[in-house]
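Here is the file data38.txt (compact mmCIF, C-alpha atoms and all ligand atoms).
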```
# COMPACT_ATOMS: atom_id res chain seq x y z
CA MET A 26 25.02 0.28 -2.70
CA HIS A 27 24.52 2.25 -5.90
CA ILE A 28 21.02 3.51 -5.31
CA LEU A 29 18.96 4.43 -2.27
CA LEU A 30 15.34 3.96 -3.32
CA ASP A 31 14.11 7.22 -1.86
CA GLY A 32 10.35 6.86 -1.48
CA LYS A 33 10.10 10.06 0.50
CA SER A 34 11.51 12.21 -2.24
CA LEU A 35 9.57 10.48 -5.05
CA SER A 36 6.41 10.84 -2.96
CA GLU A 37 7.00 14.54 -2.53
CA SER A 38 7.33 15.06 -6.25
CA ILE A 39 4.22 12.97 -7.09
CA ARG A 40 2.22 14.76 -4.36
CA ASP A 41 3.28 18.15 -5.77
CA GLN A 42 1.90 17.06 -9.15
CA ILE A 43 -1.35 15.86 -7.54
CA LYS A 44 -1.68 19.20 -5.74
CA THR A 45 -1.22 21.11 -8.99
CA TYR A 46 -3.79 18.90 -10.72
CA VAL A 47 -6.37 19.36 -7.94
CA GLU A 48 -5.80 23.14 -7.94
CA ARG A 49 -6.36 23.24 -11.69
CA ILE A 50 -9.62 21.28 -11.63
CA THR A 51 -11.06 23.11 -8.63
CA SER A 52 -10.15 26.48 -10.16
CA ARG A 53 -12.32 25.46 -13.10
CA GLY A 54 -15.25 25.08 -10.76
CA TYR A 55 -15.24 21.32 -10.21
CA ARG A 56 -15.57 20.02 -6.66
CA GLU A 57 -12.49 18.63 -4.92
CA PRO A 58 -11.88 14.85 -4.82
CA SER A 59 -12.90 13.27 -1.53
CA LEU A 60 -11.93 10.26 0.56
CA ALA A 61 -13.97 8.83 3.44
CA VAL A 62 -11.76 7.21 6.08
CA VAL A 63 -13.43 4.88 8.58
CA LEU A 64 -11.68 3.83 11.77
CA VAL A 65 -13.32 1.45 14.23
CA GLY A 66 -11.85 1.33 17.74
CA ASP A 67 -8.65 2.68 19.21
CA ASP A 68 -5.72 0.67 17.90
CA PRO A 69 -2.80 3.10 18.43
CA ALA A 70 -0.96 2.16 15.21
CA SER A 71 -4.17 2.52 13.18
CA HIS A 72 -4.70 5.99 14.65
CA ILE A 73 -1.26 7.05 13.43
CA TYR A 74 -1.78 5.55 9.95
CA VAL A 75 -5.17 7.22 9.59
CA LYS A 76 -3.81 10.57 10.76
CA ASN A 77 -1.00 10.35 8.17
CA LYS A 78 -3.40 9.45 5.36
CA ARG A 79 -5.76 12.31 6.21
CA LYS A 80 -2.93 14.81 6.49
CA ALA A 81 -1.57 13.70 3.10
CA CYS A 82 -5.03 14.18 1.54
CA GLU A 83 -5.45 17.66 2.95
CA ARG A 84 -1.99 18.77 1.81
CA VAL A 85 -2.84 18.00 -1.84
CA GLY A 86 -6.40 19.39 -1.68
CA ILE A 87 -8.28 16.08 -1.39
CA LYS A 88 -11.13 16.44 1.08
CA SER A 89 -10.93 13.82 3.82
CA LEU A 90 -14.03 12.83 5.75
CA PHE A 91 -13.33 10.99 8.97
CA TYR A 92 -15.68 8.53 10.67
CA HIS A 93 -14.39 7.30 14.00
CA LEU A 94 -16.64 4.58 15.43
CA PRO A 95 -16.28 3.06 18.91
CA GLN A 96 -14.68 -0.33 19.53
CA ASN A 97 -18.07 -1.90 20.37
CA THR A 98 -19.74 -0.78 17.11
CA LYS A 99 -22.27 -3.36 15.90
CA VAL A 100 -21.76 -4.85 12.44
CA PRO A 101 -25.03 -3.40 10.99
CA GLU A 102 -24.04 0.11 12.13
CA LEU A 103 -20.77 -0.11 10.21
CA LEU A 104 -22.51 -1.60 7.17
CA ASP A 105 -25.12 1.18 7.25
CA LEU A 106 -22.40 3.82 7.27
CA ILE A 107 -20.66 2.15 4.32
CA ALA A 108 -23.97 1.90 2.43
CA SER A 109 -24.57 5.63 2.89
CA LEU A 110 -21.02 6.44 1.72
CA ASN A 111 -21.52 4.13 -1.29
CA SER A 112 -24.57 6.08 -2.40
CA ASP A 113 -23.16 9.55 -1.62
CA GLU A 114 -22.06 10.97 -4.97
CA SER A 115 -19.76 13.50 -3.34
CA VAL A 116 -17.66 10.66 -1.85
CA ASP A 117 -15.11 9.24 -4.32
CA GLY A 118 -13.13 6.80 -2.20
CA ILE A 119 -13.87 4.75 0.92
CA LEU A 120 -11.16 3.33 3.15
CA VAL A 121 -11.93 1.19 6.18
CA GLN A 122 -8.75 0.94 8.23
CA LEU A 123 -7.70 -2.62 9.11
CA PRO A 124 -7.50 -4.51 11.38
CA LEU A 125 -11.12 -4.32 12.53
CA PRO A 126 -12.15 -5.36 16.05
CA GLN A 127 -12.47 -9.16 16.50
CA HIS A 128 -16.28 -9.21 16.43
CA ILE A 129 -16.50 -7.58 12.97
CA PRO A 130 -16.03 -9.93 10.00
CA GLN A 131 -13.47 -8.32 7.70
CA GLU A 132 -14.73 -10.10 4.55
CA GLU A 133 -18.26 -8.86 4.99
CA VAL A 134 -17.06 -5.29 5.39
CA ILE A 135 -14.76 -5.45 2.34
CA LEU A 136 -17.58 -6.94 0.23
CA SER A 137 -19.91 -4.12 1.29
CA ILE A 138 -17.69 -1.37 -0.13
CA SER A 139 -18.59 -0.38 -3.69
CA PRO A 140 -15.79 -1.69 -5.95
CA LYS A 141 -15.89 1.73 -7.67
CA LYS A 142 -14.91 3.44 -4.38
CA ASP A 143 -12.59 0.72 -3.09
CA VAL A 144 -9.36 2.75 -3.12
CA ASP A 145 -7.64 0.04 -1.03
CA GLY A 146 -8.22 -2.44 -3.87
CA PHE A 147 -9.28 -5.16 -1.42
CA HIS A 148 -12.70 -5.96 -2.92
CA PRO A 149 -12.64 -9.27 -4.86
CA GLU A 150 -13.76 -7.41 -8.00
CA ASN A 151 -10.56 -5.34 -7.88
CA MET A 152 -8.39 -8.28 -6.77
CA GLY A 153 -9.93 -10.26 -9.66
CA LYS A 154 -8.96 -7.55 -12.15
CA LEU A 155 -5.41 -7.82 -10.84
CA VAL A 156 -5.47 -11.60 -11.46
CA ALA A 157 -6.96 -11.19 -14.93
CA ARG A 158 -4.77 -8.23 -15.93
CA ILE A 159 -7.79 -6.03 -16.53
CA GLU A 160 -6.90 -2.32 -16.47
CA GLY A 161 -9.00 0.20 -14.58
CA GLY A 162 -9.42 -1.59 -11.25
CA PHE A 163 -7.83 -0.38 -8.05
CA ILE A 164 -4.44 -1.86 -7.19
CA PRO A 165 -3.74 -2.14 -3.42
CA CYS A 166 -1.70 0.83 -2.22
CA THR A 167 1.53 -0.81 -1.03
CA PRO A 168 1.99 -2.96 -4.18
CA LEU A 169 1.18 0.07 -6.35
CA GLY A 170 3.62 2.25 -4.39
CA ILE A 171 6.40 -0.33 -4.80
CA ASP A 172 5.69 -0.63 -8.53
CA LEU A 173 5.93 3.16 -8.94
CA LEU A 174 9.17 3.27 -6.94
CA LEU A 175 10.83 0.52 -9.03
CA LYS A 176 9.62 2.16 -12.26
CA HIS A 177 11.00 5.54 -11.21
CA TYR A 178 14.46 4.03 -10.69
CA ASN A 179 14.25 2.15 -14.02
CA ILE A 180 14.38 -1.25 -12.36
CA ASP A 181 13.22 -3.65 -15.02
CA LEU A 182 11.11 -6.58 -13.86
CA LYS A 183 10.68 -8.58 -17.06
CA GLY A 184 12.10 -12.09 -16.64
CA LYS A 185 13.64 -11.19 -13.26
CA ASN A 186 13.40 -13.37 -10.16
CA VAL A 187 11.17 -11.51 -7.74
CA VAL A 188 11.05 -13.15 -4.32
CA ILE A 189 8.41 -11.89 -1.92
CA VAL A 190 8.67 -12.81 1.76
CA GLY A 191 5.22 -12.63 3.34
CA ALA A 192 1.93 -13.75 1.79
CA GLY A 193 -0.45 -11.38 3.54
CA PHE A 194 -3.67 -10.15 2.02
CA ILE A 195 -2.67 -6.45 2.09
CA VAL A 196 0.83 -6.69 0.57
CA GLY A 197 2.33 -10.09 -0.35
CA ARG A 198 -0.50 -11.64 -2.36
CA PRO A 199 -1.57 -8.65 -4.45
CA LEU A 200 2.10 -7.71 -4.94
CA ALA A 201 2.81 -11.20 -6.35
CA LEU A 202 0.02 -10.69 -8.90
CA LEU A 203 1.29 -7.24 -9.86
CA MET A 204 4.85 -8.49 -10.30
CA LEU A 205 3.51 -11.31 -12.51
CA TRP A 206 1.70 -8.63 -14.49
CA ARG A 207 5.09 -6.98 -14.99
CA ASP A 208 6.39 -10.31 -16.42
CA ALA A 209 8.63 -11.21 -13.48
CA THR A 210 9.13 -14.79 -12.27
CA VAL A 211 7.53 -14.65 -8.86
CA CYS A 212 8.18 -16.71 -5.75
CA VAL A 213 6.22 -16.13 -2.56
CA CYS A 214 7.66 -17.34 0.76
CA HIS A 215 5.53 -17.45 3.89
CA ILE A 216 5.39 -18.72 7.44
CA HIS A 217 5.34 -22.38 6.35
CA THR A 218 8.20 -22.07 3.85
CA LYS A 219 11.12 -24.33 4.76
CA ASP A 220 14.45 -22.49 4.66
CA ILE A 221 13.58 -19.14 3.08
CA THR A 222 17.27 -18.44 2.42
CA GLN A 223 17.40 -20.89 -0.50
CA TYR A 224 14.81 -18.64 -2.21
CA THR A 225 15.95 -15.19 -1.09
CA LYS A 226 19.52 -15.90 -2.33
CA LYS A 227 18.17 -16.31 -5.86
CA ALA A 228 16.25 -13.05 -5.85
CA ASP A 229 17.12 -10.32 -8.35
CA ILE A 230 14.50 -8.31 -6.52
CA LEU A 231 13.80 -9.24 -2.91
CA ILE A 232 10.72 -7.76 -1.26
CA SER A 233 10.07 -8.43 2.42
CA ALA A 234 6.68 -7.75 4.00
CA THR A 235 6.57 -9.67 7.27
CA GLY A 236 6.92 -7.18 10.11
CA VAL A 237 9.66 -9.34 11.65
CA PRO A 238 12.50 -6.90 12.46
CA HIS A 239 15.81 -7.72 10.75
CA LEU A 240 14.58 -11.05 9.39
CA ILE A 241 16.63 -10.54 6.22
CA LYS A 242 20.36 -10.85 6.96
CA ARG A 243 23.36 -10.16 4.75
CA ASP A 244 23.95 -13.82 3.81
CA MET A 245 20.36 -14.19 2.58
CA VAL A 246 20.77 -11.56 -0.15
CA LYS A 247 22.37 -12.00 -3.57
CA GLU A 248 25.21 -9.66 -4.55
CA GLY A 249 23.83 -6.81 -6.65
CA ALA A 250 20.17 -7.47 -5.82
CA VAL A 251 17.43 -4.87 -5.40
CA VAL A 252 15.95 -4.99 -1.89
CA VAL A 253 12.57 -3.53 -0.96
CA ASP A 254 11.67 -3.42 2.73
CA VAL A 255 7.96 -3.14 3.55
CA GLY A 256 8.36 -3.97 7.23
CA ILE A 257 8.08 -1.43 9.98
CA SER A 258 8.45 -2.46 13.63
CA LYS A 259 9.08 -0.45 16.73
CA VAL A 260 11.76 -2.03 18.91
CA GLY A 261 12.26 0.13 21.99
CA GLU A 262 12.70 3.64 20.61
CA LYS A 263 13.95 2.39 17.24
CA VAL A 264 11.95 1.90 14.04
CA LEU A 265 13.27 -1.22 12.30
CA GLY A 266 12.53 -2.74 8.91
CA ASP A 267 12.48 -6.43 7.92
CA VAL A 268 15.98 -6.00 6.50
CA ASP A 269 19.22 -5.56 8.43
CA PHE A 270 19.91 -2.42 6.36
CA GLU A 271 23.37 -1.54 7.71
CA ARG A 272 24.82 -5.00 6.99
CA VAL A 273 23.00 -5.53 3.70
CA LYS A 274 23.37 -2.13 2.05
CA ASP A 275 26.90 -2.44 0.63
CA LYS A 276 26.14 -5.79 -0.98
CA VAL A 277 23.19 -4.66 -3.08
CA TYR A 278 22.52 -2.55 -6.18
CA ALA A 279 19.57 -0.73 -4.63
CA ILE A 280 17.67 -0.73 -1.34
CA THR A 281 14.82 1.13 0.35
CA PRO A 282 15.43 2.81 3.71
CA VAL A 283 13.04 2.41 6.67
CA PRO A 284 11.53 4.87 7.28
CA GLY A 285 11.40 6.88 4.04
CA GLY A 286 11.09 4.03 1.54
CA VAL A 287 7.87 2.13 0.96
CA GLY A 288 5.81 3.88 3.69
CA PRO A 289 5.39 7.24 1.97
CA MET A 290 4.83 5.50 -1.39
CA THR A 291 1.87 3.60 0.09
CA VAL A 292 0.20 6.85 1.12
CA THR A 293 0.98 8.43 -2.27
CA ALA A 294 -0.60 5.42 -4.01
CA LEU A 295 -3.73 5.99 -1.90
CA LEU A 296 -3.88 9.59 -3.16
CA LEU A 297 -3.49 8.37 -6.76
CA ASN A 298 -6.22 5.76 -6.27
CA THR A 299 -8.50 8.45 -4.85
CA LEU A 300 -7.89 10.61 -7.94
CA GLN A 301 -8.65 7.59 -10.14
CA ALA A 302 -11.94 7.07 -8.23
CA TYR A 303 -12.74 10.78 -8.66
CA ARG A 304 -12.09 10.72 -12.41
CA GLN A 305 -14.16 7.55 -12.89
CA ASN A 306 -16.93 8.96 -10.68
CA MET A 307 -17.08 12.29 -12.55
CA ASN A 308 -17.29 10.57 -15.94
N1 LIG B 1 -3.90 -1.63 7.58
C1 LIG B 1 -2.61 -1.80 7.23
N2 LIG B 1 -2.41 -1.46 5.95
C2 LIG B 1 -3.61 -1.05 5.47
C3 LIG B 1 -4.05 -0.57 4.20
O1 LIG B 1 -3.30 -0.44 3.23
N3 LIG B 1 -5.37 -0.25 4.12
C4 LIG B 1 -6.22 -0.40 5.17
N4 LIG B 1 -7.50 -0.08 4.98
N5 LIG B 1 -5.85 -0.84 6.34
C5 LIG B 1 -4.55 -1.17 6.49
```
For this file, produce the structure as structure tokens.
Amino acid sequence: MHILLDGKSLSESIRDQIKTYVERITSRGYREPSLAVVLVGDDPASHIYVKNKRKACERVGIKSLFYHLPQNTKVPELLDLIASLNSDESVDGILVQLPLPQHIPQEEVILSISPKKDVDGFHPENMGKLVARIEGGFIPCTPLGIDLLLKHYNIDLKGKNVVIVGAGFIVGRPLALLMLWRDATVCVCHIHTKDITQYTKKADILISATGVPHLIKRDMVKEGAVVVDVGISKVGEKVLGDVDFERVKDKVYAITPVPGGVGPMTVTALLLNTLQAYRQNMN
């Protein structure tokens, strides 16, 4: 391995810059940027994610408003809350943590968030801008975080084979569009793909976002590839990525650790999207 793609350290430096920026604007008398975080129910992992996002906001001076609704919240109650956040001019970004309880239709909730406050980038208006290469929309946080990480380490994407394992709505799909935007040749493998190894072996840049611990083994990776691990699974007391890091690391040019790779970059991208919402809202 030549390079450890250190998302923790890059995140710290970007967050320092955000903090300085927020201090400068608030010292000039402008209000602080603000993010409304909505959590429905008591999924333990969601609680941890939301706590991390709110803590990250507060550390850089972004105000975080927290709405914790019970598991049995009725759909209209959630939609009413979102409508009031949409029309509240002091709220810049709105994030509804996923997954939602079974009885709440995710699509309806995503559609109800104002595209101008959709810092997750999940609204079809923002996803559509990603398809159409229209600047100024919100790019989903994990794809944006990965893009920033690769850019920081001068990993060129033009004409490269980018293979993405996992076609989920939050990471795989929007990431494929963003990598296309960067002029890569993109291949997306998913649960129905026959023999993913034939694809992963050809990857100049291999990105795995499945949540299956150690799915990506040494023999599936090309010599000198760049490997980005989005997965995070708890197996006993251990936190494992999608990639068998210890056996893969000496075969590759660059690789992200888990934890400390993509995770912190996702949260940093959320902070950047919130600043973007703030700037667009104040204009
Ligand atoms: N659940 C897992 N990842 C995410 C994310 O990026 N945003 C939201 N809102 N929920 C998630």
Distance limit 7 Å, reference ligand LIG 1 (chain B), atoms considered: all atoms listed in the file. Which residues make the cut? Give them as a ChimeraX atom specification.
/A:71,120-124,145,165-167,195
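Ranking A:Ala201, A:Val255, A:Ile43, A:Leu125 by their shortest atom-to-atom distance to Leu296 of chain A, with all atoms listed in the file included, puts A:Ile43 first.
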Using all atoms listed in the file, which residue out of A:Asp254, A:Gly86, A:Ser109, A:Tyr74 lies closest to Ser52 of chain A?
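Comparing A:Asp254, A:Gly86, A:Ser109, A:Tyr74 against Ser52 of chain A, the winner is A:Gly86.
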Any idea what's packed within 10 Å of Tyr303 of chain A, counting only C-alpha atoms, ignoring anything in its chain fewer than 3 positions away? Could you give it as a tab-separated table (two decimals) with C-alpha atoms, in the frame of the given file?
```tsv
chain	number	residue	atom	x	y	z
A	56	ARG	CA	-15.57	20.02	-6.66
A	57	GLU	CA	-12.49	18.63	-4.92
A	58	PRO	CA	-11.88	14.85	-4.82
A	59	SER	CA	-12.90	13.27	-1.53
A	60	LEU	CA	-11.93	10.26	0.56
A	115	SER	CA	-19.76	13.50	-3.34
A	116	VAL	CA	-17.66	10.66	-1.85
A	117	ASP	CA	-15.11	9.24	-4.32
A	118	GLY	CA	-13.13	6.80	-2.20
A	141	LYS	CA	-15.89	1.73	-7.67
A	142	LYS	CA	-14.91	3.44	-4.38
A	297	LEU	CA	-3.49	8.37	-6.76
A	298	ASN	CA	-6.22	5.76	-6.27
A	299	THR	CA	-8.50	8.45	-4.85
A	300	LEU	CA	-7.89	10.61	-7.94
A	306	ASN	CA	-16.93	8.96	-10.68
A	307	MET	CA	-17.08	12.29	-12.55
A	308	ASN	CA	-17.29	10.57	-15.94
```
Would you mind listing what lies within 10 Å of Gly161 of chain A as a PyMOL selection string, with only C-alpha atoms counted and same-chain residues fewer than 5 positions away left out?
chain A and resi 141+151+154-155+301-302+305
